[in-house]
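File shown here: upload.cif, holding mmCIF, C-alpha atoms.
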data_work
#
loop_
_atom_site.label_atom_id
_atom_site.label_comp_id
_atom_site.auth_asym_id
_atom_site.auth_seq_id
_atom_site.Cartn_x
_atom_site.Cartn_y
_atom_site.Cartn_z
CA VAL J 279 -6.73 -11.36 -5.86
CA GLY J 280 -10.28 -12.07 -4.72
CA ARG J 281 -13.60 -11.82 -6.51
CA HIS J 282 -14.63 -8.48 -8.03
CA PRO J 283 -11.61 -6.30 -7.22
CA VAL J 284 -12.65 -2.66 -6.85
CA GLY J 285 -10.28 -0.36 -4.96
CA VAL J 286 -6.50 -0.16 -5.21
CA ALA J 287 -3.98 1.73 -3.06
CA VAL J 288 -0.18 1.64 -2.97
CA ASP J 289 1.93 1.65 0.17
CA PRO J 290 5.25 3.08 -1.06
CA SER J 291 6.99 2.42 2.26
CA SER J 292 6.51 -1.35 2.04
CA ARG J 293 6.12 -1.60 -1.75
CA SER J 294 2.76 -3.27 -1.24
CA VAL J 295 -0.54 -2.86 -3.03
CA TYR J 296 -3.91 -3.18 -1.27
CA VAL J 297 -6.87 -4.38 -3.36
CA THR J 298 -10.44 -4.51 -2.05
CA ASN J 299 -12.41 -7.60 -3.09
CA PHE J 300 -16.07 -6.54 -3.26
CA ASP J 301 -17.61 -10.03 -3.41
CA ASP J 302 -15.21 -11.65 -0.90
CA SER J 303 -15.40 -9.04 1.90
CA SER J 304 -11.63 -9.01 1.94
CA VAL J 305 -8.50 -7.07 1.03
CA SER J 306 -5.62 -8.70 -0.83
CA VAL J 307 -2.11 -7.46 -0.03
CA ILE J 308 0.33 -7.79 -2.92
CA ASP J 309 4.12 -7.75 -2.58
CA THR J 310 5.11 -5.80 -5.70
CA ALA J 311 8.70 -7.09 -5.70
CA LYS J 312 7.53 -10.71 -5.88
CA GLY J 313 4.23 -10.12 -7.66
CA THR J 314 2.40 -12.35 -5.18
CA VAL J 315 -0.44 -12.01 -2.70
CA ILE J 316 1.16 -12.12 0.75
CA ALA J 317 -2.00 -11.67 2.86
CA ARG J 318 -5.76 -11.60 2.69
CA VAL J 319 -7.51 -9.53 5.34
CA GLY J 320 -11.20 -10.01 6.17
CA VAL J 321 -13.16 -6.76 6.37
CA GLY J 322 -16.83 -5.73 6.29
CA SER J 323 -19.35 -6.51 3.58
CA HIS J 324 -18.74 -5.16 0.06
CA PRO J 325 -15.48 -3.25 0.55
CA GLY J 326 -14.88 -0.55 -2.05
CA GLY J 327 -12.42 2.24 -1.44
CA VAL J 328 -9.01 1.90 0.13
CA ALA J 329 -6.38 4.46 1.18
CA VAL J 330 -2.99 3.92 2.81
CA ASP J 331 -1.19 6.18 5.28
CA PRO J 332 2.40 4.92 4.93
CA ASP J 333 3.69 7.02 7.86
CA ALA J 334 1.11 5.59 10.28
CA ARG J 335 1.32 2.13 8.66
CA ILE J 336 -2.46 2.01 8.35
CA ALA J 337 -4.86 1.19 5.51
CA TYR J 338 -8.47 2.34 5.57
CA VAL J 339 -11.18 0.38 3.74
CA THR J 340 -14.82 1.37 3.21
CA ASN J 341 -17.44 -1.32 3.88
CA GLY J 342 -20.43 -0.42 1.69
CA ASP J 343 -23.03 -2.66 3.30
CA ASN J 344 -21.87 -2.13 6.89
CA ALA J 345 -21.74 1.69 6.86
CA SER J 346 -18.24 1.49 8.31
CA VAL J 347 -14.51 1.80 7.69
CA SER J 348 -12.07 -0.99 8.58
CA VAL J 349 -8.68 0.09 9.92
CA ILE J 350 -5.88 -2.30 8.92
CA ASP J 351 -2.42 -2.39 10.51
CA THR J 352 -0.17 -2.74 7.44
CA THR J 353 2.64 -4.38 9.42
CA THR J 354 0.52 -7.24 10.79
CA HIS J 355 -2.23 -7.26 8.13
CA THR J 356 -4.95 -7.32 10.77
CA VAL J 357 -8.04 -5.18 11.35
CA THR J 358 -7.42 -3.14 14.49
CA ALA J 359 -10.65 -1.11 14.51
CA THR J 360 -13.93 -0.56 12.71
CA VAL J 361 -15.23 3.01 12.62
CA PRO J 362 -18.88 3.81 11.88
CA GLY J 363 -19.36 5.82 8.69
CA GLY J 364 -22.17 7.27 6.67
CA LYS J 365 -24.74 5.48 4.52
CA GLY J 366 -23.13 3.46 1.73
CA PRO J 367 -19.48 4.49 2.15
CA SER J 368 -17.64 4.24 -1.14
CA ARG J 369 -14.34 6.08 -1.65
CA VAL J 370 -11.79 7.30 0.84
CA ALA J 371 -8.87 9.75 1.03
CA ILE J 372 -6.57 11.04 3.77
CA ASP J 373 -5.42 14.53 4.68
CA ARG J 374 -2.25 13.21 6.28
CA THR J 375 -1.12 16.54 7.76
CA ALA J 376 -4.52 17.24 9.34
CA HIS J 377 -4.91 13.58 10.43
CA ARG J 378 -8.35 13.33 8.90
CA LEU J 379 -9.97 10.64 6.79
CA PHE J 380 -12.66 11.61 4.26
CA VAL J 381 -15.23 8.99 3.22
CA THR J 382 -17.74 9.56 0.40
CA ASN J 383 -21.26 8.26 1.06
CA THR J 384 -24.34 7.66 -1.07
CA ASP J 385 -26.62 9.95 0.96
CA PRO J 386 -24.86 12.52 -0.40
CA THR J 387 -22.35 13.35 2.33
CA VAL J 388 -18.71 12.94 3.17
CA THR J 389 -17.94 11.55 6.65
CA VAL J 390 -14.84 12.98 8.34
CA ILE J 391 -12.90 10.75 10.77
CA ASP J 392 -10.06 11.77 13.09
CA THR J 393 -7.31 9.23 12.29
CA GLY J 394 -5.68 9.67 15.71
CA ASN J 395 -8.60 8.62 17.89
CA ARG J 396 -10.66 6.98 15.11
CA THR J 397 -13.87 8.88 15.78
CA VAL J 398 -16.26 10.69 13.46
CA ILE J 399 -15.70 14.43 13.88
CA GLY J 400 -18.14 15.73 11.29
CA SER J 401 -19.62 15.47 7.85
CA VAL J 402 -19.89 17.57 4.74
CA ALA J 403 -23.23 17.81 2.94
CA LEU J 404 -23.01 17.91 -0.85
CA ARG J 405 -25.60 18.74 -3.51
CA VAL J 406 -25.24 15.44 -5.34
CA HIS J 407 -23.85 11.94 -4.86
CA PRO J 408 -20.06 12.07 -4.37
CA ALA J 409 -17.89 9.71 -6.40
CA GLY J 410 -14.09 10.03 -6.57
CA ILE J 411 -12.10 11.98 -4.01
CA ALA J 412 -8.52 13.24 -3.80
CA ILE J 413 -6.85 15.45 -1.20
CA ASP J 414 -4.03 17.97 -1.37
CA SER J 415 -2.70 17.77 2.21
CA ALA J 416 -0.44 20.80 1.77
CA SER J 417 -3.39 23.10 1.08
CA HIS J 418 -5.93 21.09 3.13
CA THR J 419 -8.20 20.83 0.12
CA ALA J 420 -10.41 17.92 -0.93
CA TYR J 421 -11.63 17.57 -4.51
CA ILE J 422 -14.77 15.46 -4.84
CA GLY J 423 -16.09 14.37 -8.21
CA SER J 424 -19.80 13.91 -8.67
CA GLY J 425 -21.07 10.91 -10.54
CA ASP J 426 -24.44 12.68 -10.92
CA ASP J 427 -23.62 16.00 -12.55
CA ALA J 428 -20.78 17.90 -14.21
CA SER J 429 -18.88 19.36 -11.27
CA VAL J 430 -16.13 18.82 -8.73
CA SER J 431 -16.80 20.06 -5.19
CA VAL J 432 -13.88 21.75 -3.43
CA VAL J 433 -13.85 21.27 0.36
CA ASP J 434 -11.63 22.83 3.03
CA THR J 435 -10.46 19.83 5.09
CA ILE J 436 -10.05 21.94 8.25
CA SER J 437 -13.28 23.96 8.33
CA LEU J 438 -15.21 21.20 6.47
CA GLY J 439 -16.88 23.84 4.31
CA VAL J 440 -17.56 23.57 0.59
CA THR J 441 -15.56 26.43 -0.91
CA ALA J 442 -16.36 25.97 -4.61
CA SER J 443 -18.09 23.87 -7.21
CA VAL J 444 -16.03 23.64 -10.39
CA PRO J 445 -17.81 22.77 -13.65
CA VAL J 446 -16.14 19.93 -15.56
CA GLY J 447 -17.16 17.23 -18.05
CA GLN J 448 -20.11 14.92 -17.49
CA ARG J 449 -20.15 12.57 -14.50
CA PRO J 450 -16.62 13.01 -13.10
CA ALA J 451 -15.76 9.99 -10.96
CA GLY J 452 -11.97 9.80 -10.75
CA VAL J 453 -10.02 12.65 -9.19
CA ALA J 454 -6.26 13.03 -8.72
CA VAL J 455 -4.08 15.77 -7.21
CA ASP J 456 -0.63 16.93 -8.29
CA PRO J 457 0.73 18.67 -5.18
CA ALA J 458 3.81 19.88 -7.05
CA THR J 459 1.66 22.06 -9.32
CA ASN J 460 -1.23 22.57 -6.88
CA THR J 461 -3.73 21.25 -9.41
CA ALA J 462 -6.42 18.59 -9.51
#
Please re-express this file's structure in structure tokens.
Amino acid sequence: VGRHPVGVAVDPSSRSVYVTNFDDSSVSVIDTAKGTVIARVGVGSHPGGVAVDPDARIAYVTNGDNASVSVIDTTTHTVTATVPGGKGPSRVAIDRTAHRLFVTNTDPTVTVIDTGNRTVIGSVALRVHPAGIAIDSASHTAYIGSGDDASVSVVDTISLGVTASVPVGQRPAGVAVDPATNTA
């Protein structure tokens, strides 16, 4: 892949992997069957997070220095839109059933983008800098780890309200959801 790979997302429908290259301002697309890079897509400066919506055939990439999100068509491997985001966008996750994209920012907020019309529809203010994010689309719940304290914020992806702050170990950054057991 490119220089300083950061974010990774899998597209199960095409058996491809998308890797953001922080120092190259690009995304490498890997064919997992062949184990080769099949495309390199130019995006904004210092891309970090990446998420794939396999049903829509779209990948979303945060551009840290451009305060934006690149929208990539996964069938043509081209950028089809760039959506303004918050300050220092970092990680990204999709509520596929609500058609909303959630982008963590350094200011500390989460920008919410409507994936249908690709516009910012709101933001969620958090107490501390958000780090990792994962979404349970069935329950419309986002779990956002904080790199600055010992908690995970729980956000309703419809109302955009913070519903809880769950104490966990120090500086949680990675978050994952198991929808089968309704746990994070």
>> Let me make sure I understand: among J:Ala371, J:Val279, J:Ala376, J:Ala337, which one has the smallest atom-to-atom distance to Ala359 in chain J if we use only C-alpha atoms?
In response: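 With only C-alpha atoms as the atom set, the closest residue is J:Ala337.
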> Any idea what's packed within 9 Å of Val390 in chain J, counting all atoms listed in the file, ignoring anything in its chain fewer than 4 positions away? Could you give it as a list in words?
Replying inline: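 So, after excluding close chain neighbours, the residues are Gly363, Arg378, Leu379, Phe380, Val381, Thr397, Val398, Ile399, Gly400, Ser401, Val402, Thr435 and Leu438 of chain J.
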> From the set J:Thr358, J:Thr441, J:Thr384, J:Ser368, which residue has the shortest atom-to-atom contact distance to Gly342 in chain J, counting all atoms listed in the file?
Replying inline: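 That would be J:Ser368, the residue with the smallest distance to Gly342 in chain J.
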>> Suppose a student applies the PyMOL selection byres ((chain J and resi 411) around 7) to this structure; what residues should they get, written as number ranges by chain?
In response: J: 369-371, 409-410, 412-413, 420-423, 453
Take the selection from the previous step and output its residues with C-alpha atoms, as a PDB file, in the frame of the given file.
ATOM      1  CA  ARG J 369     -14.340   6.080  -1.650  1.00  0.00           C
ATOM      2  CA  VAL J 370     -11.790   7.300   0.840  1.00  0.00           C
ATOM      3  CA  ALA J 371      -8.870   9.750   1.030  1.00  0.00           C
ATOM      4  CA  ALA J 409     -17.890   9.710  -6.400  1.00  0.00           C
ATOM      5  CA  GLY J 410     -14.090  10.030  -6.570  1.00  0.00           C
ATOM      6  CA  ALA J 412      -8.520  13.240  -3.800  1.00  0.00           C
ATOM      7  CA  ILE J 413      -6.850  15.450  -1.200  1.00  0.00           C
ATOM      8  CA  ALA J 420     -10.410  17.920  -0.930  1.00  0.00           C
ATOM      9  CA  TYR J 421     -11.630  17.570  -4.510  1.00  0.00           C
ATOM     10  CA  ILE J 422     -14.770  15.460  -4.840  1.00  0.00           C
ATOM     11  CA  GLY J 423     -16.090  14.370  -8.210  1.00  0.00           C
ATOM     12  CA  VAL J 453     -10.020  12.650  -9.190  1.00  0.00           C
TER      13      VAL J 453
END
Which residues of range 318-396 of chain J come within 6 Å of range 280-300 of chain J, and for each one, what is the closest pair of atoms and their distance in Å to one decimal, counting all atoms listed in the file, sorted by chain and residue number, as JSON lines?
{"residue": "J:His324", "atom": "CA", "partner": "J:Phe300", "partner_atom": "CA", "distance": 4.5}
{"residue": "J:Pro325", "atom": "CA", "partner": "J:Phe300", "partner_atom": "CA", "distance": 5.1}
{"residue": "J:Gly326", "atom": "CA", "partner": "J:Gly285", "partner_atom": "CA", "distance": 5.4}
{"residue": "J:Gly327", "atom": "CA", "partner": "J:Gly285", "partner_atom": "CA", "distance": 4.9}
{"residue": "J:Val328", "atom": "CA", "partner": "J:Gly285", "partner_atom": "CA", "distance": 5.7}
{"residue": "J:Ala329", "atom": "CA", "partner": "J:Ala287", "partner_atom": "CA", "distance": 5.6}
{"residue": "J:Pro332", "atom": "CA", "partner": "J:Asp289", "partner_atom": "CA", "distance": 5.8}
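Between CA of Ala403 in chain J and CA of Val440 in chain J lies a distance of 8.4 Å.
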